[in-house]
>>> print(open('input08.tsv').read())   # TSV, C-alpha atoms and all ligand atoms
chain	number	residue	atom	x	y	z
P	1	MET	CA	72.21	40.32	-42.21
P	2	LYS	CA	74.88	38.62	-40.06
P	3	ALA	CA	74.48	35.13	-38.67
P	4	CYS	CA	74.58	36.37	-35.07
P	5	GLY	CA	71.70	38.74	-35.89
P	6	GLU	CA	69.69	35.76	-37.03
P	7	LYS	CA	70.26	33.97	-33.74
P	8	HIS	CA	69.04	36.99	-31.87
P	9	PHE	CA	66.02	37.27	-34.08
P	10	THR	CA	65.05	33.64	-33.58
P	11	ALA	CA	65.55	33.67	-29.83
P	12	GLY	CA	63.74	36.99	-29.40
P	13	LEU	CA	60.88	35.83	-31.51
P	14	PHE	CA	60.39	32.59	-29.61
P	15	VAL	CA	60.29	34.32	-26.24
P	16	GLY	CA	58.35	37.39	-27.33
P	17	LEU	CA	55.67	35.83	-29.48
P	18	ARG	CA	54.54	33.57	-26.67
P	19	ARG	CA	53.25	36.61	-24.84
P	20	VAL	CA	49.52	36.60	-25.21
P	21	THR	CA	47.78	39.87	-25.89
P	22	LYS	CA	45.25	39.51	-23.14
P	23	GLY	CA	41.65	40.51	-23.58
P	24	ARG	CA	42.39	43.26	-26.09
P	25	GLU	CA	41.43	41.42	-29.27
P	26	LYS	CA	38.57	39.02	-28.77
P	27	GLY	CA	37.71	36.85	-31.76
P	28	ARG	CA	39.88	35.41	-34.44
P	29	LYS	CA	40.97	38.35	-36.51
P	30	THR	CA	43.30	37.48	-39.32
P	31	MET	CA	46.72	39.07	-39.41
P	32	ILE	CA	48.75	40.18	-42.38
P	33	ILE	CA	52.51	40.56	-42.11
P	34	ILE	CA	54.18	42.56	-44.84
P	35	VAL	CA	57.77	41.38	-45.23
P	36	LYS	CA	60.49	43.78	-46.40
P	37	PRO	CA	61.59	43.19	-50.01
P	38	ASP	CA	65.21	42.57	-49.02
P	39	ALA	CA	64.46	40.11	-46.19
P	40	ARG	CA	66.57	36.95	-46.32
P	41	GLU	CA	64.58	33.89	-47.34
P	42	GLU	CA	65.74	31.75	-44.39
P	43	ARG	CA	64.60	34.37	-41.94
P	44	VAL	CA	61.19	34.60	-43.60
P	45	HIS	CA	60.97	30.81	-43.39
P	46	ASP	CA	61.91	30.94	-39.69
P	47	LEU	CA	59.07	33.37	-39.09
P	48	ILE	CA	56.56	31.28	-41.05
P	49	HIS	CA	57.67	28.11	-39.33
P	50	TRP	CA	57.32	29.72	-35.93
P	51	ILE	CA	53.84	31.05	-36.68
P	52	GLU	CA	52.72	27.63	-37.88
P	53	SER	CA	54.09	26.00	-34.75
P	54	GLN	CA	51.52	28.10	-32.85
P	55	ASN	CA	48.68	26.14	-34.47
P	56	LEU	CA	48.07	28.94	-36.96
P	57	ARG	CA	47.85	28.57	-40.73
P	58	THR	CA	49.77	30.82	-43.09
P	59	HIS	CA	49.06	31.92	-46.63
P	60	ILE	CA	52.06	33.27	-48.48
P	61	SER	CA	51.78	35.69	-51.36
P	62	ALA	CA	55.12	36.47	-52.94
P	63	GLY	CA	54.84	39.54	-55.13
P	64	ASP	CA	57.43	41.51	-57.09
P	65	TYR	CA	57.90	44.11	-54.38
P	66	SER	CA	56.98	42.40	-51.13
P	67	THR	CA	55.94	39.12	-49.61
P	68	ILE	CA	52.77	38.97	-47.59
P	69	ILE	CA	52.25	36.39	-44.87
P	70	GLY	CA	48.58	35.99	-44.09
P	71	VAL	CA	48.00	34.35	-40.71
P	72	ILE	CA	44.73	32.47	-40.26
P	73	GLY	CA	43.44	31.24	-36.91
P	74	ASP	CA	43.38	32.72	-33.44
P	75	THR	CA	45.95	35.44	-34.04
P	76	THR	CA	45.24	36.98	-30.65
P	77	LYS	CA	48.08	34.80	-29.41
P	78	LEU	CA	50.56	36.80	-31.50
P	79	ASP	CA	52.02	40.06	-30.22
P	80	GLU	CA	51.49	42.56	-33.01
P	81	GLU	CA	53.97	45.10	-31.69
P	82	LEU	CA	56.70	42.53	-31.38
P	83	ILE	CA	56.24	41.28	-34.92
P	84	SER	CA	56.16	44.84	-36.28
P	85	GLY	CA	59.48	45.41	-34.56
P	86	LEU	CA	61.26	42.58	-36.41
P	87	ASP	CA	63.78	43.98	-38.85
P	88	ILE	CA	62.44	41.87	-41.72
P	89	VAL	CA	58.89	43.19	-41.24
P	90	ASP	CA	57.54	46.28	-42.96
P	91	GLY	CA	54.18	46.30	-41.23
P	92	VAL	CA	51.42	44.29	-39.58
P	93	LYS	CA	47.69	44.68	-40.09
P	94	ARG	CA	44.66	43.01	-38.58
P	95	VAL	CA	42.00	42.09	-41.11
P	96	SER	CA	38.44	42.21	-39.90
P	97	GLU	CA	36.76	40.72	-42.99
P	98	PRO	CA	35.67	37.11	-42.52
P	99	PHE	CA	37.01	36.11	-45.94
P	100	LYS	CA	40.70	35.50	-45.80
P	101	SER	CA	42.17	33.47	-48.65
P	102	ALA	CA	39.94	35.37	-51.07
P	103	ASN	CA	40.91	38.74	-49.59
P	104	ARG	CA	43.02	41.06	-51.70
P	105	LYS	CA	44.85	42.14	-48.57
P	106	PHE	CA	46.22	38.59	-48.40
P	107	HIS	CA	47.14	38.48	-52.04
P	108	PRO	CA	47.50	41.96	-53.57
P	109	GLN	CA	48.15	40.71	-57.12
P	110	ASP	CA	45.27	39.58	-59.32
P	111	SER	CA	44.94	35.81	-59.41
P	112	VAL	CA	45.00	34.23	-62.83
P	113	VAL	CA	43.00	31.02	-63.22
P	114	GLN	CA	44.41	28.63	-65.79
P	115	VAL	CA	41.83	26.61	-67.68
P	116	GLY	CA	42.40	23.54	-69.84
P	117	GLU	CA	46.15	23.27	-69.25
P	118	GLY	CA	46.65	26.95	-69.90
P	119	LYS	CA	44.48	27.12	-73.04
P	120	ALA	CA	42.57	29.95	-71.42
P	121	LEU	CA	43.73	32.36	-68.71
P	122	VAL	CA	41.21	34.27	-66.64
P	123	GLY	CA	42.16	37.36	-64.65
P	124	HIS	CA	44.79	40.11	-64.82
P	125	GLY	CA	44.10	40.85	-68.45
P	126	GLY	CA	43.14	37.27	-69.36
P	127	PHE	CA	39.57	37.58	-70.65
P	128	ALA	CA	37.19	34.60	-70.65
P	129	LEU	CA	34.60	34.65	-73.38
P	130	ILE	CA	32.40	31.70	-72.50
P	131	ALA	CA	29.52	30.91	-74.82
P	132	GLY	CA	27.10	28.10	-75.57
P	133	PRO	CA	23.58	26.93	-74.98
P	134	CYS	CA	21.79	26.94	-71.66
P	135	SER	CA	21.37	23.15	-72.04
P	136	VAL	CA	23.05	20.56	-74.15
P	137	GLU	CA	20.19	19.15	-76.24
P	138	SER	CA	21.73	16.98	-78.94
P	139	GLU	CA	25.01	16.19	-80.66
P	140	GLU	CA	24.18	18.33	-83.72
P	141	GLN	CA	23.17	21.27	-81.54
P	142	ILE	CA	26.23	21.34	-79.28
P	143	ILE	CA	28.76	20.69	-82.07
P	144	SER	CA	27.31	23.35	-84.34
P	145	VAL	CA	27.09	25.95	-81.53
P	146	ALA	CA	30.63	25.07	-80.39
P	147	LYS	CA	32.03	25.59	-83.89
P	148	SER	CA	30.28	28.90	-84.41
P	149	VAL	CA	31.17	30.40	-81.02
P	150	LYS	CA	34.76	29.35	-81.49
P	151	ALA	CA	34.86	31.06	-84.88
P	152	ALA	CA	33.47	34.21	-83.23
P	153	GLY	CA	36.27	34.26	-80.64
P	154	ALA	CA	34.87	32.32	-77.66
P	155	THR	CA	37.59	30.92	-75.39
P	156	MET	CA	35.36	28.31	-73.68
P	157	LEU	CA	32.18	26.42	-74.41
P	158	ARG	CA	29.34	26.35	-71.90
P	159	GLY	CA	26.40	23.93	-71.81
P	160	GLY	CA	24.20	22.63	-69.02
P	161	ALA	CA	23.95	18.87	-68.54
P	162	PHE	CA	22.37	18.94	-65.07
P	163	LYS	CA	19.81	21.73	-65.05
P	164	PRO	CA	18.40	23.40	-61.94
P	165	ARG	CA	14.84	24.07	-63.15
P	166	THR	CA	12.14	25.80	-61.13
P	167	SER	CA	9.58	23.22	-62.26
P	168	PRO	CA	10.20	19.47	-61.89
P	169	TYR	CA	8.17	19.00	-65.10
P	170	ASP	CA	10.63	21.03	-67.20
P	171	PHE	CA	13.58	19.56	-69.12
P	172	GLN	CA	16.17	18.57	-66.50
P	173	GLY	CA	19.13	18.19	-68.85
P	174	LEU	CA	20.75	15.19	-70.55
P	175	LYS	CA	22.87	14.57	-67.43
P	176	ALA	CA	25.79	12.15	-68.02
P	177	ASP	CA	24.98	11.99	-71.75
P	178	GLY	CA	25.11	15.80	-71.87
P	179	ILE	CA	28.63	15.75	-70.44
P	180	GLU	CA	29.65	13.14	-73.03
P	181	LEU	CA	28.36	15.41	-75.80
P	182	LEU	CA	30.25	18.39	-74.36
P	183	LEU	CA	33.43	16.28	-74.37
P	184	GLU	CA	32.80	15.45	-77.98
P	185	ALA	CA	32.43	19.17	-78.78
P	186	LYS	CA	35.69	19.78	-76.91
P	187	ARG	CA	37.46	17.15	-79.01
P	188	GLU	CA	36.03	18.68	-82.20
P	189	THR	CA	36.88	22.30	-81.42
P	190	GLY	CA	39.57	22.25	-78.73
P	191	LEU	CA	37.46	24.58	-76.58
P	192	PRO	CA	37.62	23.95	-72.81
P	193	ILE	CA	34.16	23.19	-71.41
P	194	VAL	CA	32.16	24.69	-68.56
P	195	THR	CA	29.20	22.87	-67.05
P	196	GLU	CA	27.16	23.02	-63.86
P	197	ILE	CA	27.30	20.54	-60.99
P	198	MET	CA	24.31	20.13	-58.67
P	199	ASN	CA	25.34	17.17	-56.56
P	200	ALA	CA	28.79	16.28	-55.24
P	201	ASN	CA	28.05	12.60	-55.96
P	202	HIS	CA	28.25	13.46	-59.65
P	203	LEU	CA	31.90	14.59	-59.38
P	204	PRO	CA	33.32	11.47	-61.09
P	205	LEU	CA	31.37	12.48	-64.22
P	206	PHE	CA	33.21	15.83	-64.22
P	207	GLU	CA	36.72	14.38	-64.45
P	208	GLU	CA	37.37	15.77	-67.95
P	209	VAL	CA	35.31	18.93	-67.51
P	210	ASP	CA	37.59	21.98	-67.52
P	211	VAL	CA	35.54	24.35	-65.35
P	212	ILE	CA	32.85	23.25	-62.91
P	213	GLN	CA	30.05	25.76	-62.52
P	214	VAL	CA	28.24	26.26	-59.24
P	215	GLY	CA	24.93	27.82	-60.15
P	216	ALA	CA	23.22	30.70	-58.37
P	217	ARG	CA	20.87	28.32	-56.56
P	218	ASN	CA	23.76	26.34	-55.12
P	219	MET	CA	25.99	29.24	-54.13
P	220	GLN	CA	25.39	28.42	-50.48
P	221	ASN	CA	25.30	24.64	-50.77
P	222	PHE	CA	28.16	24.42	-48.32
P	223	GLU	CA	28.61	20.65	-48.50
P	224	LEU	CA	28.99	20.90	-52.28
P	225	LEU	CA	31.45	23.78	-51.89
P	226	LYS	CA	33.53	21.76	-49.41
P	227	GLU	CA	33.70	18.83	-51.85
P	228	LEU	CA	34.81	21.18	-54.65
P	229	GLY	CA	37.48	22.52	-52.31
P	230	ARG	CA	39.02	19.05	-52.30
P	231	THR	CA	39.50	19.13	-56.07
P	232	GLN	CA	41.93	21.29	-58.02
P	233	LYS	CA	39.45	22.04	-60.82
P	234	PRO	CA	38.69	25.64	-61.74
P	235	ILE	CA	35.32	26.53	-60.22
P	236	LEU	CA	33.01	29.17	-61.67
P	237	ILE	CA	30.78	30.28	-58.82
P	238	LYS	CA	27.73	32.39	-59.52
P	239	ARG	CA	26.27	34.92	-57.13
P	240	GLY	CA	23.01	33.71	-55.59
P	241	LEU	CA	19.69	35.31	-56.49
P	242	ALA	CA	19.49	37.14	-53.18
P	243	ASN	CA	23.03	37.08	-51.91
P	244	THR	CA	25.36	39.89	-51.03
P	245	ILE	CA	28.83	40.35	-52.45
P	246	LYS	CA	30.29	39.35	-49.08
P	247	GLU	CA	28.25	36.15	-49.05
P	248	LEU	CA	29.61	35.33	-52.51
P	249	LEU	CA	33.12	35.83	-51.17
P	250	MET	CA	32.37	33.60	-48.18
P	251	SER	CA	31.24	30.87	-50.58
P	252	ALA	CA	34.51	31.23	-52.49
P	253	GLU	CA	36.24	31.03	-49.13
P	254	TYR	CA	34.61	27.64	-48.46
P	255	ILE	CA	36.23	26.27	-51.61
P	256	MET	CA	39.57	27.92	-50.89
P	257	ALA	CA	39.60	26.72	-47.28
P	258	GLY	CA	39.64	23.17	-48.69
P	259	GLY	CA	42.74	23.97	-50.75
P	260	ASN	CA	41.31	24.84	-54.16
P	261	GLU	CA	42.23	28.40	-55.11
P	262	ASN	CA	41.15	28.15	-58.76
P	263	ILE	CA	38.00	30.22	-58.51
P	264	ILE	CA	36.22	32.52	-60.93
P	265	LEU	CA	33.41	34.65	-59.49
P	266	CYS	CA	30.36	35.47	-61.58
P	267	GLU	CA	27.87	38.32	-61.24
P	268	ARG	CA	24.61	37.19	-62.88
P	269	GLY	CA	22.08	39.64	-61.52
P	270	VAL	CA	20.11	39.60	-58.31
P	271	ARG	CA	16.38	39.54	-57.65
P	272	THR	CA	14.81	42.96	-57.10
P	273	PHE	CA	11.32	44.52	-57.40
P	274	GLU	CA	12.02	45.18	-61.10
P	275	THR	CA	10.14	42.97	-63.54
P	276	ALA	CA	11.31	44.40	-66.89
P	277	THR	CA	14.35	42.17	-66.73
P	278	ARG	CA	14.73	38.65	-65.34
P	279	ASN	CA	17.12	39.93	-62.65
P	280	THR	CA	18.87	43.22	-61.98
P	281	LEU	CA	22.48	43.17	-63.11
P	282	ASP	CA	24.61	44.59	-60.32
P	283	LEU	CA	27.55	45.81	-62.36
P	284	SER	CA	28.93	47.70	-59.41
P	285	ALA	CA	29.78	44.26	-58.02
P	286	VAL	CA	32.64	44.14	-60.55
P	287	PRO	CA	34.73	47.03	-59.17
P	288	VAL	CA	33.66	46.21	-55.60
P	289	LEU	CA	34.86	42.62	-56.02
P	290	HIS	CA	38.06	43.74	-57.70
P	291	GLU	CA	38.74	45.87	-54.68
P	292	LEU	CA	37.91	43.19	-52.11
P	293	THR	CA	39.39	40.12	-53.78
P	294	HIS	CA	42.19	39.00	-56.08
P	295	LEU	CA	39.91	36.43	-57.74
P	296	PRO	CA	38.77	37.04	-61.34
P	297	VAL	CA	35.22	38.31	-61.83
P	298	ILE	CA	33.10	37.60	-64.87
P	299	VAL	CA	29.57	38.71	-65.81
P	300	ASP	CA	26.58	36.77	-67.15
P	301	PRO	CA	24.42	39.25	-69.07
P	302	SER	CA	22.09	36.46	-70.28
P	303	HIS	CA	20.66	35.37	-66.93
P	304	ALA	CA	20.92	38.93	-65.64
P	305	THR	CA	18.55	40.34	-68.24
P	306	GLY	CA	16.63	37.31	-69.53
P	307	VAL	CA	16.18	39.11	-72.85
P	308	ALA	CA	18.43	38.48	-75.87
P	309	ARG	CA	18.38	42.10	-77.10
P	310	TYR	CA	19.69	43.39	-73.76
P	311	VAL	CA	22.66	41.07	-73.74
P	312	LYS	CA	24.88	43.17	-76.02
P	313	PRO	CA	24.59	46.48	-74.11
P	314	MET	CA	25.19	44.73	-70.79
P	315	ALA	CA	28.10	42.71	-72.17
P	316	MET	CA	29.69	45.95	-73.39
P	317	ALA	CA	29.06	47.62	-70.03
P	318	ALA	CA	30.62	44.66	-68.20
P	319	ALA	CA	33.72	44.85	-70.41
P	320	ALA	CA	33.95	48.61	-69.79
P	321	CYS	CA	33.84	48.29	-66.01
P	322	GLY	CA	36.66	45.77	-65.87
P	323	ALA	CA	35.06	42.32	-65.92
P	324	ASP	CA	37.54	39.50	-66.54
P	325	GLY	CA	35.12	37.73	-68.82
P	326	LEU	CA	31.58	37.04	-69.93
P	327	ILE	CA	29.39	33.97	-70.02
P	328	ILE	CA	26.73	34.25	-72.70
P	329	GLU	CA	24.00	31.87	-73.81
P	330	VAL	CA	24.05	31.07	-77.53
P	331	HIS	CA	21.66	28.68	-79.30
P	332	ASN	CA	21.42	27.63	-82.95
P	333	ASP	CA	17.62	27.92	-82.80
P	334	PRO	CA	16.55	30.05	-79.81
P	335	PRO	CA	12.74	29.84	-80.38
P	336	HIS	CA	12.96	26.07	-80.00
P	337	ALA	CA	15.51	25.94	-77.17
P	338	LEU	CA	14.56	23.57	-74.35
P	339	CYS	CA	15.71	26.13	-71.79
P	340	ASP	CA	16.23	29.91	-71.70
P	341	GLY	CA	15.48	30.53	-75.40
P	342	ALA	CA	14.32	34.13	-74.76
P	343	GLN	CA	17.76	35.19	-73.59
P	344	SER	CA	19.79	33.11	-76.04
P	345	LEU	CA	21.65	34.76	-78.90
P	346	ARG	CA	21.86	33.26	-82.37
P	347	PRO	CA	25.49	32.56	-83.39
P	348	GLU	CA	25.64	35.63	-85.65
P	349	GLN	CA	24.36	37.84	-82.81
P	350	PHE	CA	27.07	36.42	-80.58
P	351	GLU	CA	29.67	37.23	-83.21
P	352	ASP	CA	28.48	40.85	-83.16
P	353	VAL	CA	28.63	40.97	-79.33
P	354	ALA	CA	32.14	39.45	-79.32
P	355	ARG	CA	33.32	42.11	-81.76
P	356	ALA	CA	31.74	44.92	-79.71
P	357	VAL	CA	33.33	43.58	-76.53
P	358	ARG	CA	36.78	43.56	-78.15
P	359	VAL	CA	36.36	47.21	-79.15
P	360	ILE	CA	35.21	48.21	-75.67
P	361	ARG	CA	38.06	46.35	-74.01
P	362	ALA	CA	40.63	48.06	-76.19
P	363	ALA	CA	39.06	51.45	-75.44
P	364	ALA	CA	38.91	50.72	-71.69
P	365	ALA	CA	42.58	49.72	-71.66
P	366	GLU	CA	43.45	52.99	-73.39
P	367	VAL	CA	41.33	55.07	-71.02
P	368	ASN	CA	42.83	53.35	-67.99
P	369	GLY	CA	46.28	53.98	-69.43
P	370	SER	CA	47.66	50.83	-67.86
P	371	GLY	CA	47.08	48.38	-70.62
P	372	SER	CA	44.51	46.83	-68.32
P	373	ALA	CA	40.75	46.87	-68.68
P	374	ASN	CA	40.46	46.95	-64.90
P	375	PRO	CA	39.97	50.58	-63.83
P	376	LEU	CA	41.38	49.82	-60.41
P	377	GLN	CA	44.80	48.96	-61.76
P	401	LIG	C1	22.93	28.64	-66.18
P	401	LIG	O1	24.07	29.10	-66.29
P	401	LIG	O2	22.33	28.05	-67.10
P	401	LIG	C2	22.19	28.90	-64.93
P	401	LIG	C3	21.23	28.10	-64.51
P	401	LIG	O3	22.62	30.01	-64.31
P	401	LIG	P1	22.24	30.64	-62.88
P	401	LIG	O4	22.70	29.64	-61.87
P	401	LIG	O5	23.00	31.93	-62.86
P	401	LIG	O6	20.74	30.86	-62.85
P	402	MN	MN	20.35	29.24	-68.61
>>> encode(input="input08.tsv", output="structure tokens")
Amino acid sequence: MKACGEKHFTAGLFVGLRRVTKGREKGRKTMIIIVKPDAREERVHDLIHWIESQNLRTHISAGDYSTIIGVIGDTTKLDEELISGLDIVDGVKRVSEPFKSANRKFHPQDSVVQVGEGKALVGHGGFALIAGPCSVESEEQIISVAKSVKAAGATMLRGGAFKPRTSPYDFQGLKADGIELLLEAKRETGLPIVTEIMNANHLPLFEEVDVIQVGARNMQNFELLKELGRTQKPILIKRGLANTIKELLMSAEYIMAGGNENIILCERGVRTFETATRNTLDLSAVPVLHELTHLPVIVDPSHATGVARYVKPMAMAAAACGADGLIIEVHNDPPHALCDGAQSLRPEQFEDVARAVRVIRAAAAEVNGSGSANPLQ
């Protein structure tokens, strides 16, 4: 493109974009601008700069074939037809969903969350196999479970230090001491650690934690989500007991709106009329989420079923339908576990599940023909 063309573009844009589309589009619909693959970088920057000067935020997703500019804010002030007419623009779409940064339309490629300085990658073929006890109970317990799950192929160690228990008389977790023990297990095994936060005031204790878990009961603790948005830690956010997929995405959006895009979503079953299992595992959430969002999606078959013998079939099913990982409770002595013993696997059972999941993933990749376990790719 010639320099004089650029001048024209800039001048035209500045005059034209000020025109307000009156009354047609009430509300604050997000806009997506698909930029042509051969567009000159300076001209794309001009466009972004101009949009931002209108008090609008942009979210840029640069892919192999096109760049997408997501525009967040009151986009009614932008003239859609005029932008579509720019020679560097391939198309413009309005997005009606309330989740924006999490929306796949904003970011067509799968996001990959890096954990523990790249020790584990989650998403786009990176599979998280997270295992460990519901609660950290003692040094011997967490170190021995950590060693055995690592040997079985786990990529991260889980363990609750702050426990959200239904009864105030039940074991509430070892709290700060529990985190210390997890860090010791991390030093021993090299496994990144995942543990739940219940109160934003505890954040300083989580400095060396690799992934902060937001439990189902806190999925809509918006003040906590906002605080986590101010960190750059990977956040594993679980679907609430009675929350929709869209509500889960809105919770992720809270974290992303604060600037933290390192989010892993987790389907862990929802409450239904069924009593044979602890919850009802909504596996259809996996493909639905993959369609709606670029964020990785993992499955928790332990809390979903509440029964150790159902964990393997549901873990296999999750791997078959394209989950980006699993989080599974493993205890060295389930009958004596201080929390969730009924759903906890013994280390050798976990080893069997890990093997089965590897087989299923390889088969799914073959069936999908894309080398990916995600059927949507
Ligand atoms: C847990 O992971 O131990 C836990 C309490 O999970 P959830 O929030 O899914 O119930
Ligand atoms: Mn548990």
>>> residues_near_ligand(input="input08.tsv", ligand="ligand LIG 401 (chain P)", cutoff="8 Å", atoms="only C-alpha atoms and all ligand atoms", output="list in words")
Cys134, Ser135, Gly159, Gly160, Lys163, Pro164, Arg165, Glu196, Gln213, Val214, Gly215, Ala216, Arg217, Asn218, Lys238, Arg239, Gly240, Leu241, Arg268, Gly269, Asp300, His303, Ala304, Glu329 and Asp340 of chain P
>>> closest_residue(input="input08.tsv", among="P:Ile197, P:Ala364, P:Leu326, P:Ala252", to="Glu267 of chain P", atoms="only C-alpha atoms")
P:Leu326
>>> residues_around(input="input08.tsv", residues="segment 179-183 of chain P", least_positions_apart="2", cutoff="8 Å", atoms="all atoms listed in the file", output="NGL selection string")
:P and (136 or 138-139 or 142 or 159 or 161 or 174-177 or 185-187 or 193 or 195 or 205-206 or 208-209)
>>> atom_distance(input="input08.tsv", atom1="atom CA of Gly322 of chain P", atom2="atom CA of Ala356 of chain P")
14.7 Å
>>> closest_residue(input="input08.tsv", among="P:Val307, P:Val145, P:Leu129, P:Val112", to="ligand MN 402 (chain P)", atoms="all atoms listed in the file")
P:Val307
>>> closest_residue(input="input08.tsv", among="P:Ala319, P:Pro313, P:Leu283, P:Gly132", to="ligand MN 402 (chain P)", atoms="only C-alpha atoms and all ligand atoms")
P:Gly132
>>> closest_residue(input="input08.tsv", among="P:Ser344, P:Asn262, P:Ser84, P:Asn243", to="His331 of chain P", atoms="all atoms listed in the file")
P:Ser344
>>> atom_distance(input="input08.tsv", atom1="atom CA of Tyr310 of chain P", atom2="atom CA of Leu236 of chain P")
22.9 Å
>>> closest_residue(input="input08.tsv", among="P:Arg158, P:Lys147, P:His336, P:Arg361", to="ligand MN 402 (chain P)", atoms="all atoms listed in the file")
P:Arg158
>>> decode(input="input08.tsv", residues="segment 150-218 of chain P", atoms="C-alpha atoms", output="PDB file, in the first residue's frame")
ATOM      1  CA  LYS P 150       4.158 -38.415  39.661  1.00  0.00           C
ATOM      2  CA  ALA P 151       5.329 -41.953  38.906  1.00  0.00           C
ATOM      3  CA  ALA P 152       1.905 -42.667  37.379  1.00  0.00           C
ATOM      4  CA  GLY P 153       2.182 -39.683  35.013  1.00  0.00           C
ATOM      5  CA  ALA P 154       0.519 -36.796  36.884  1.00  0.00           C
ATOM      6  CA  THR P 155       1.655 -33.382  35.659  1.00  0.00           C
ATOM      7  CA  MET P 156       0.535 -31.454  38.770  1.00  0.00           C
ATOM      8  CA  LEU P 157      -0.143 -32.152  42.420  1.00  0.00           C
ATOM      9  CA  ARG P 158      -3.399 -31.051  44.034  1.00  0.00           C
ATOM     10  CA  GLY P 159      -4.122 -30.751  47.760  1.00  0.00           C
ATOM     11  CA  GLY P 160      -6.510 -28.603  49.761  1.00  0.00           C
ATOM     12  CA  ALA P 161      -5.073 -26.428  52.523  1.00  0.00           C
ATOM     13  CA  PHE P 162      -8.136 -24.208  53.022  1.00  0.00           C
ATOM     14  CA  LYS P 163     -11.190 -26.436  52.813  1.00  0.00           C
ATOM     15  CA  PRO P 164     -14.737 -25.252  52.120  1.00  0.00           C
ATOM     16  CA  ARG P 165     -16.658 -27.745  54.287  1.00  0.00           C
ATOM     17  CA  THR P 166     -20.434 -27.886  54.612  1.00  0.00           C
ATOM     18  CA  SER P 167     -20.135 -28.350  58.379  1.00  0.00           C
ATOM     19  CA  PRO P 168     -18.074 -25.976  60.541  1.00  0.00           C
ATOM     20  CA  TYR P 169     -17.283 -28.989  62.773  1.00  0.00           C
ATOM     21  CA  ASP P 170     -15.495 -30.865  59.971  1.00  0.00           C
ATOM     22  CA  PHE P 171     -11.753 -30.681  59.274  1.00  0.00           C
ATOM     23  CA  GLN P 172     -11.109 -27.229  57.786  1.00  0.00           C
ATOM     24  CA  GLY P 173      -7.650 -27.934  56.374  1.00  0.00           C
ATOM     25  CA  LEU P 174      -4.126 -27.263  57.647  1.00  0.00           C
ATOM     26  CA  LYS P 175      -4.254 -23.751  56.140  1.00  0.00           C
ATOM     27  CA  ALA P 176      -0.831 -22.040  55.926  1.00  0.00           C
ATOM     28  CA  ASP P 177       0.891 -25.217  57.179  1.00  0.00           C
ATOM     29  CA  GLY P 178      -0.856 -27.167  54.413  1.00  0.00           C
ATOM     30  CA  ILE P 179       0.602 -24.827  51.800  1.00  0.00           C
ATOM     31  CA  GLU P 180       4.068 -25.258  53.342  1.00  0.00           C
ATOM     32  CA  LEU P 181       3.707 -29.035  53.053  1.00  0.00           C
ATOM     33  CA  LEU P 182       2.600 -28.740  49.421  1.00  0.00           C
ATOM     34  CA  LEU P 183       5.698 -26.641  48.724  1.00  0.00           C
ATOM     35  CA  GLU P 184       7.806 -29.321  50.302  1.00  0.00           C
ATOM     36  CA  ALA P 185       6.174 -31.940  48.050  1.00  0.00           C
ATOM     37  CA  LYS P 186       6.878 -29.666  45.083  1.00  0.00           C
ATOM     38  CA  ARG P 187      10.554 -29.448  46.054  1.00  0.00           C
ATOM     39  CA  GLU P 188      10.722 -33.239  46.444  1.00  0.00           C
ATOM     40  CA  THR P 189       8.998 -34.139  43.175  1.00  0.00           C
ATOM     41  CA  GLY P 190       9.203 -31.065  40.942  1.00  0.00           C
ATOM     42  CA  LEU P 191       5.427 -31.213  40.415  1.00  0.00           C
ATOM     43  CA  PRO P 192       3.669 -27.828  40.166  1.00  0.00           C
ATOM     44  CA  ILE P 193       1.010 -27.478  42.872  1.00  0.00           C
ATOM     45  CA  VAL P 194      -2.684 -26.613  42.745  1.00  0.00           C
ATOM     46  CA  THR P 195      -4.553 -25.484  45.843  1.00  0.00           C
ATOM     47  CA  GLU P 196      -7.787 -23.682  46.649  1.00  0.00           C
ATOM     48  CA  ILE P 197      -8.124 -20.105  47.865  1.00  0.00           C
ATOM     49  CA  MET P 198     -11.191 -19.039  49.857  1.00  0.00           C
ATOM     50  CA  ASN P 199     -10.271 -15.529  50.913  1.00  0.00           C
ATOM     51  CA  ALA P 200      -8.366 -12.879  48.965  1.00  0.00           C
ATOM     52  CA  ASN P 201      -6.588 -11.867  52.193  1.00  0.00           C
ATOM     53  CA  HIS P 202      -4.748 -15.181  52.010  1.00  0.00           C
ATOM     54  CA  LEU P 203      -3.127 -14.316  48.657  1.00  0.00           C
ATOM     55  CA  PRO P 204       0.343 -13.652  50.154  1.00  0.00           C
ATOM     56  CA  LEU P 205       0.399 -17.308  51.261  1.00  0.00           C
ATOM     57  CA  PHE P 206      -0.095 -18.372  47.620  1.00  0.00           C
ATOM     58  CA  GLU P 207       3.021 -16.666  46.266  1.00  0.00           C
ATOM     59  CA  GLU P 208       4.771 -19.939  45.373  1.00  0.00           C
ATOM     60  CA  VAL P 209       1.612 -21.847  44.492  1.00  0.00           C
ATOM     61  CA  ASP P 210       1.561 -22.622  40.760  1.00  0.00           C
ATOM     62  CA  VAL P 211      -2.198 -22.754  40.159  1.00  0.00           C
ATOM     63  CA  ILE P 212      -4.793 -21.144  42.414  1.00  0.00           C
ATOM     64  CA  GLN P 213      -8.074 -23.019  42.507  1.00  0.00           C
ATOM     65  CA  VAL P 214     -11.396 -21.242  42.892  1.00  0.00           C
ATOM     66  CA  GLY P 215     -13.777 -23.858  44.217  1.00  0.00           C
ATOM     67  CA  ALA P 216     -17.344 -24.434  43.078  1.00  0.00           C
ATOM     68  CA  ARG P 217     -18.720 -22.580  46.102  1.00  0.00           C
ATOM     69  CA  ASN P 218     -16.703 -19.481  45.292  1.00  0.00           C
TER      70      ASN P 218
END
